[in-house]
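Asker: Please see the structure below; I have some questions.
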Amino acid sequence: MSRPSQSGTPQTVAQAGAMAAAAPQAAAAAAPATKKRRRPHLHVVVFLAPAVLIYTAVMIFPLFNTLRLALYTRIDQERVWAGLANFQTLFFDPIWSEQFWNALGNNFWFFLVHMLVQNPIGIALAALLSHPRLRFAALYRSAIFIPTILSFVIVGFAWKLILSPIWGIAPSMLDAVGLKSLFAPWLGKEEYALTTLALISVWQFVGIPMMLIYAALLSIPEEVLEAGEIDGITGFAAFWKIKLPLILPSIGIISILTFVGNFNAFDLIYASQGALAGPDFSTDILGTFMYRTFFGFQLQLGDPHMGSAIASAMFAIILVGVCIYLFGIQTRMRRYQL
Amino acid sequence: MNRKILIAMLATTALSAPAAFAEDATLTIESWRNDDLTLWQDKIIPAFEAKHPGIKIKFTPSAPAEYNAVLNSKLDAGSAGDLITCRPFDASLALYEAGHLTDLSDMEAMGNFPDVAKSAWQTDDGSATFCMPMASVIHGFIYNKEIFDELGIEEPKTEAEFFAALDKIKEDGSYIPLAMGTNDQWEAATMGYNNIGPNYWKGEEGRLALIAGEQKLTDEQWTAPFATLAKWADYLGDGYEAQTYPDSQNLFTLGRAAIYPAGSWEISGFNAQADFEMGVFNPPVQNAGDTCYISDHTDIGIGMNAATNNPEAAKTFLTWVASPEFAEIFANALPGFFPLSSAPVALEDPLAQEFLSWRDDCESTIRSTYQILSRGTPNLENETWGASVAAIKGTETPEALGQKLQDGLASWYEPQQN
């Protein structure tokens, strides 16, 4: 059985040290003369350049430009420095703040549904799939993973049709088992719409935690489980006491991916409910709020500055969330040497 | 050597290009109506070119959703066409203010249009009109004649008759009385509130008073349509909360719903889909004999790029657009899009003709939220969508909705602030 240890045990440090020590030797062996030591750096720069340039052009520059744009405003066709006025409007002007807090609250609910439904189901599915005596595991795995590669537009449209009170199969299926009274036009009701959409998203993406956990479960060596078996730990107990602690780091990664994905979400809501995120903004999340503000909608002209302010707020929220995870949770997580 | 040839070639092309222009003026039209491409190529352009040799027309539409962005970048780059199809209100006003559209107020052909038609392409004070009005859409109620005959219902003229007819259809139980959903929100505002509303706020009178700050959205005439919409809920189909716009269209054309709160643009689609006879009635008035008001909403105009090389040819074309000949071709090829000129036009499509005939009996107005009032944040048009849906669902009272809209408007619109 493996020994539990904090990340960076003497053992791993020693291993890493050995590897680090080996590297310069290899480099020294490759470079015939010490004078030409600088040359190997050149190819690093050359090979990194395309990625760095493209990444800078399409990610880093727009990111900082968005942050900068949030500090300006437009008065009579002129761009004027506004400092933090946009943020003040966003957080304290009732017209804006009400929408912002509504969107943020909805976003948290959206995230919570994913954490409470998608990830446990994903883990459970992975546990079932990794069962050695399960037949057709590959088929199930592919079937569950396929929705993940579908476009949001298709998923949104298909579910809208399934749940449609007029043509959908949901009402007739419920009718067939005598539960018609349970049916409601879920996507059209303020109280259900967001949860329904979150569950649709869960349906679509449950394959991702499943695959990651599945891979983590497969990497657990047989010996560990066998050792447990000898000690009398089998079945469910083996899952809770041996496998789960070993896949915790993967669950952490999945949580953070879910967090970032959910707070950047936009597509599904936009595809199924439109930019106004109806009914009555009950499905409005930060992404749709930002889109509506930035690009405008119907008669509302776009306001890139307020839109950037919202985008910056989203960036800050995600940054804080990721930092809490990285420094608050990941560093304290126990890792096991296998 | 090679370079010399290249220069020579460049020089000749550069020289020959203006020579071609001198003979024939070619006008390019920017538009978002890519659905109408064949109509322009087969009917409108040949008709114009036959009368005006020496002017060639090219119709180059782009996708509707991209049009504004594409047009703006073309105008900034100086590569936009000579003639520009104008969106109504602020989008085009912004182009005029940026100097991209020419003031056309002094063109004689402008006299062919009534004031309300021109209001979509005017500066706020009405001093400059920068696009020639081309087409409008009219709101009303399209109904299934076979169902009406079967149940013995007459076209309702008053609101009482309208609800009596709805009751009768509901009692019968075989059909959904009203085909409308609230999922997409805009139908509730456009085909609901702005369809029946003009009868309450007396069309232009109320709309202009609202812009001037003399009436408020909390006034009875502005909240009463919400109260009427609230009564609609009983007559909509099961699960109307999740019913989308295409759902409603299909319910009606499949013969499962009796009445469809409509815009005239539905005509060609419905003609193709529905295999029953359709009729249409205008928004019912409150008491028999009241003046009726209709939403005759300006939708398409056409203006001249201020940077065009052929201003004379462009003006010739615009004058022709204002003529009855153009109106006749356009209106018959696109039933449901009505020319805006005052000259009478005969339409072959009976439904379209019925829509158009209301202009003689009723007063025309445009959607109340479109001019000026949707410039700020919160946006009155978008707010009205939500408010109309809330009214139908009954989640808020008409008075509360009026108050909410008024507060939103007053927060940025000065004439409404006192």
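Just so we're on the same page: first chain in the structure tokens is A, next is B, and so on; residues restart at 1 for each chain, and ligands are numbered from 1 in the order they show up.
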If we count only C-alpha atoms, which residues of chain A reach to within 9 Å of chain B? Please list them as an MDAnalysis selection string.
Answerer: chainID A and resid 95:96 160 163:167 184:189 273:274 276 278:281 297:301
Asker: Tell me, as a list of chain:residue names, which residues lie within 9 Å of Leu401 (chain B), counting only C-alpha atoms; anything in the same chain fewer than 6 positions away does not count.
Answerer: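 Counting only the stated atoms, we get B:Leu217, B:Thr218, B:Thr223, B:Phe226, B:Thr384, B:Ala387, B:Ser388, B:Ala390, B:Ala391.
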Asker: Only all heavy atoms, please: the residues just picked out, written as a PDB file, in the first residue's frame.
Answerer:
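Wrote out_16.pdb, looks like this:
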```pdb
ATOM      1  N   LEU B 217     -46.058  56.590 -19.381  1.00  0.00           N
ATOM      2  CA  LEU B 217     -46.404  55.180 -19.567  1.00  0.00           C
ATOM      3  C   LEU B 217     -47.287  54.646 -18.448  1.00  0.00           C
ATOM      4  O   LEU B 217     -47.803  53.542 -18.525  1.00  0.00           O
ATOM      5  CB  LEU B 217     -45.127  54.339 -19.673  1.00  0.00           C
ATOM      6  CG  LEU B 217     -44.384  54.550 -20.996  1.00  0.00           C
ATOM      7  CD1 LEU B 217     -42.951  54.090 -20.894  1.00  0.00           C
ATOM      8  CD2 LEU B 217     -45.089  53.821 -22.119  1.00  0.00           C
ATOM      9  N   THR B 218     -47.461  55.453 -17.391  1.00  0.00           N
ATOM     10  CA  THR B 218     -48.355  55.032 -16.315  1.00  0.00           C
ATOM     11  C   THR B 218     -49.789  55.484 -16.604  1.00  0.00           C
ATOM     12  O   THR B 218     -50.706  55.113 -15.879  1.00  0.00           O
ATOM     13  CB  THR B 218     -47.904  55.639 -14.974  1.00  0.00           C
ATOM     14  OG1 THR B 218     -47.627  57.018 -15.194  1.00  0.00           O
ATOM     15  CG2 THR B 218     -46.663  54.953 -14.457  1.00  0.00           C
ATOM     16  N   THR B 223     -51.349  51.672 -20.059  1.00  0.00           N
ATOM     17  CA  THR B 223     -51.390  50.443 -19.254  1.00  0.00           C
ATOM     18  C   THR B 223     -52.566  49.553 -19.650  1.00  0.00           C
ATOM     19  O   THR B 223     -52.513  48.339 -19.466  1.00  0.00           O
ATOM     20  CB  THR B 223     -51.497  50.760 -17.747  1.00  0.00           C
ATOM     21  OG1 THR B 223     -52.646  51.576 -17.546  1.00  0.00           O
ATOM     22  CG2 THR B 223     -50.272  51.471 -17.248  1.00  0.00           C
ATOM     23  N   PHE B 226     -51.944  46.402 -21.582  1.00  0.00           N
ATOM     24  CA  PHE B 226     -51.415  45.308 -20.771  1.00  0.00           C
ATOM     25  C   PHE B 226     -52.558  44.531 -20.114  1.00  0.00           C
ATOM     26  O   PHE B 226     -52.522  43.305 -20.012  1.00  0.00           O
ATOM     27  CB  PHE B 226     -50.463  45.832 -19.685  1.00  0.00           C
ATOM     28  CG  PHE B 226     -49.123  46.271 -20.207  1.00  0.00           C
ATOM     29  CD1 PHE B 226     -48.590  47.503 -19.876  1.00  0.00           C
ATOM     30  CD2 PHE B 226     -48.378  45.433 -21.025  1.00  0.00           C
ATOM     31  CE1 PHE B 226     -47.353  47.910 -20.354  1.00  0.00           C
ATOM     32  CE2 PHE B 226     -47.139  45.820 -21.502  1.00  0.00           C
ATOM     33  CZ  PHE B 226     -46.628  47.068 -21.177  1.00  0.00           C
ATOM     34  N   THR B 384     -40.221  46.569 -22.968  1.00  0.00           N
ATOM     35  CA  THR B 384     -41.613  46.326 -23.328  1.00  0.00           C
ATOM     36  C   THR B 384     -41.846  44.852 -23.640  1.00  0.00           C
ATOM     37  O   THR B 384     -42.912  44.318 -23.373  1.00  0.00           O
ATOM     38  CB  THR B 384     -42.016  47.212 -24.520  1.00  0.00           C
ATOM     39  OG1 THR B 384     -41.752  48.568 -24.174  1.00  0.00           O
ATOM     40  CG2 THR B 384     -43.481  47.078 -24.856  1.00  0.00           C
ATOM     41  N   ALA B 387     -42.218  43.262 -20.321  1.00  0.00           N
ATOM     42  CA  ALA B 387     -43.450  43.708 -19.671  1.00  0.00           C
ATOM     43  C   ALA B 387     -44.664  43.046 -20.314  1.00  0.00           C
ATOM     44  O   ALA B 387     -45.594  42.621 -19.622  1.00  0.00           O
ATOM     45  CB  ALA B 387     -43.560  45.223 -19.760  1.00  0.00           C
ATOM     46  N   SER B 388     -44.667  42.916 -21.647  1.00  0.00           N
ATOM     47  CA  SER B 388     -45.815  42.315 -22.320  1.00  0.00           C
ATOM     48  C   SER B 388     -45.952  40.848 -21.922  1.00  0.00           C
ATOM     49  O   SER B 388     -47.067  40.349 -21.721  1.00  0.00           O
ATOM     50  CB  SER B 388     -45.673  42.421 -23.842  1.00  0.00           C
ATOM     51  OG  SER B 388     -45.434  43.758 -24.208  1.00  0.00           O
ATOM     52  N   ALA B 390     -44.870  39.552 -19.099  1.00  0.00           N
ATOM     53  CA  ALA B 390     -45.319  39.522 -17.705  1.00  0.00           C
ATOM     54  C   ALA B 390     -46.816  39.790 -17.622  1.00  0.00           C
ATOM     55  O   ALA B 390     -47.518  39.190 -16.801  1.00  0.00           O
ATOM     56  CB  ALA B 390     -44.544  40.539 -16.881  1.00  0.00           C
ATOM     57  N   ALA B 391     -47.306  40.686 -18.487  1.00  0.00           N
ATOM     58  CA  ALA B 391     -48.736  40.992 -18.488  1.00  0.00           C
ATOM     59  C   ALA B 391     -49.536  39.747 -18.859  1.00  0.00           C
ATOM     60  O   ALA B 391     -50.524  39.410 -18.208  1.00  0.00           O
ATOM     61  CB  ALA B 391     -49.035  42.122 -19.462  1.00  0.00           C
TER      62      ALA B 391
END
```
Asker: Just want the 9 Å neighbourhood of Lys216 (chain B), counted on only C-alpha atoms, with same-chain residues fewer than 6 positions away dropped. Output as a PyMOL selection string.
Answerer: chain B and resi 209-210+222+402+406+416
Asker: Excluding same-chain residues fewer than 6 positions from region 234-245 of chain A, what lies within 8 Å of it counting only C-alpha atoms, as a VMD selection string?
Answerer: chain A and resid 217 220 225 228
Asker: Tell me which protein, DNA and RNA residues are within 9 Å of Leu37 (chain B), counting only C-alpha atoms, leaving out same-chain ones fewer than 6 positions away, and put them as an mmCIF file with N, CA, C and O atoms, in the first residue's frame.
Answerer:
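selection-v6.cif, written as the output of this step:
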```
data_model
loop_
_atom_site.group_PDB
_atom_site.id
_atom_site.type_symbol
_atom_site.label_atom_id
_atom_site.label_comp_id
_atom_site.auth_asym_id
_atom_site.auth_seq_id
_atom_site.Cartn_x
_atom_site.Cartn_y
_atom_site.Cartn_z
ATOM 1 N N PHE B 59 -27.427 44.922 -57.350
ATOM 2 C CA PHE B 59 -27.978 44.716 -56.023
ATOM 3 C C PHE B 59 -27.077 43.739 -55.272
ATOM 4 O O PHE B 59 -26.919 42.598 -55.680
ATOM 5 N N THR B 60 -26.426 44.210 -54.217
ATOM 6 C CA THR B 60 -25.450 43.353 -53.522
ATOM 7 C C THR B 60 -25.793 43.214 -52.038
ATOM 8 O O THR B 60 -25.221 43.905 -51.201
ATOM 9 N N PRO B 61 -26.722 42.323 -51.723
ATOM 10 C CA PRO B 61 -27.140 42.190 -50.325
ATOM 11 C C PRO B 61 -26.152 41.389 -49.481
ATOM 12 O O PRO B 61 -25.389 40.590 -50.015
#
```
Asker: From the list A:Ala82, A:Ile75, A:Ile256, A:Val153, which residue is nearest Ser272 (chain A) when using only C-alpha atoms?
Answerer: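 Closest to Ser272 (chain A), using only C-alpha atoms: A:Val153.
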Asker: When distances are computed from only C-alpha atoms, which of B:Gln353, B:Thr228, B:Thr291, B:Ser368 shows the smallest separation from Ala331 (chain B)?
Answerer: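 Closest candidate: B:Gln353.
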Asker: Taking into account only C-alpha atoms, which residue in the set B:Ala135, B:Met107, B:Ile372, B:Ala306 is nearest to Asp82 (chain B)?
Answerer: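 Distance minimum relative to Asp82 (chain B) lands on B:Ala306.
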Asker: Residues at most 10 Å from Phe113 (chain B), counting only C-alpha atoms, excluding those fewer than 3 positions away in the same chain, as a PyMOL selection string?
Answerer: chain B and resi 109-110+116-118+132-134+322+339-343
Asker: Skipping near chain neighbours, those fewer than 6 positions away, what residues fall within 7 Å of region 257-262 of chain A using only C-alpha atoms, listed as a count of residues only?
Answerer: 3
Asker: Between CA of Trp32 (chain B) and CA of Ser62 (chain B), what is the spacing in Å?
Answerer: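 Value for the CA of Ser62 (chain B)-CA of Trp32 (chain B) distance: 5.2 Å.
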Asker: DSSP on the backbone: what in region 170-299 of chain B comes out helix (DSSP H, G or I), as a PyMOL selection string?
Answerer: chain B and resi 170-172+186-196+198-201+203-212+220-235+240-242+245-253+264-273
Asker: I need the residue nearest Ser151 (chain A) from this list: A:Ala198, A:Ala271, A:Ala103, A:Ala193. Use only C-alpha atoms for the distance.
Answerer: A:Ala271
Asker: With only C-alpha atoms as the atoms that count, which of A:Gly321, A:Pro171, A:Phe263, A:Arg332 lies nearest to Trp109 (chain A)?
Answerer: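 Of A:Gly321, A:Pro171, A:Phe263, A:Arg332, the one nearest Trp109 (chain A) is A:Phe263, counting only C-alpha atoms.
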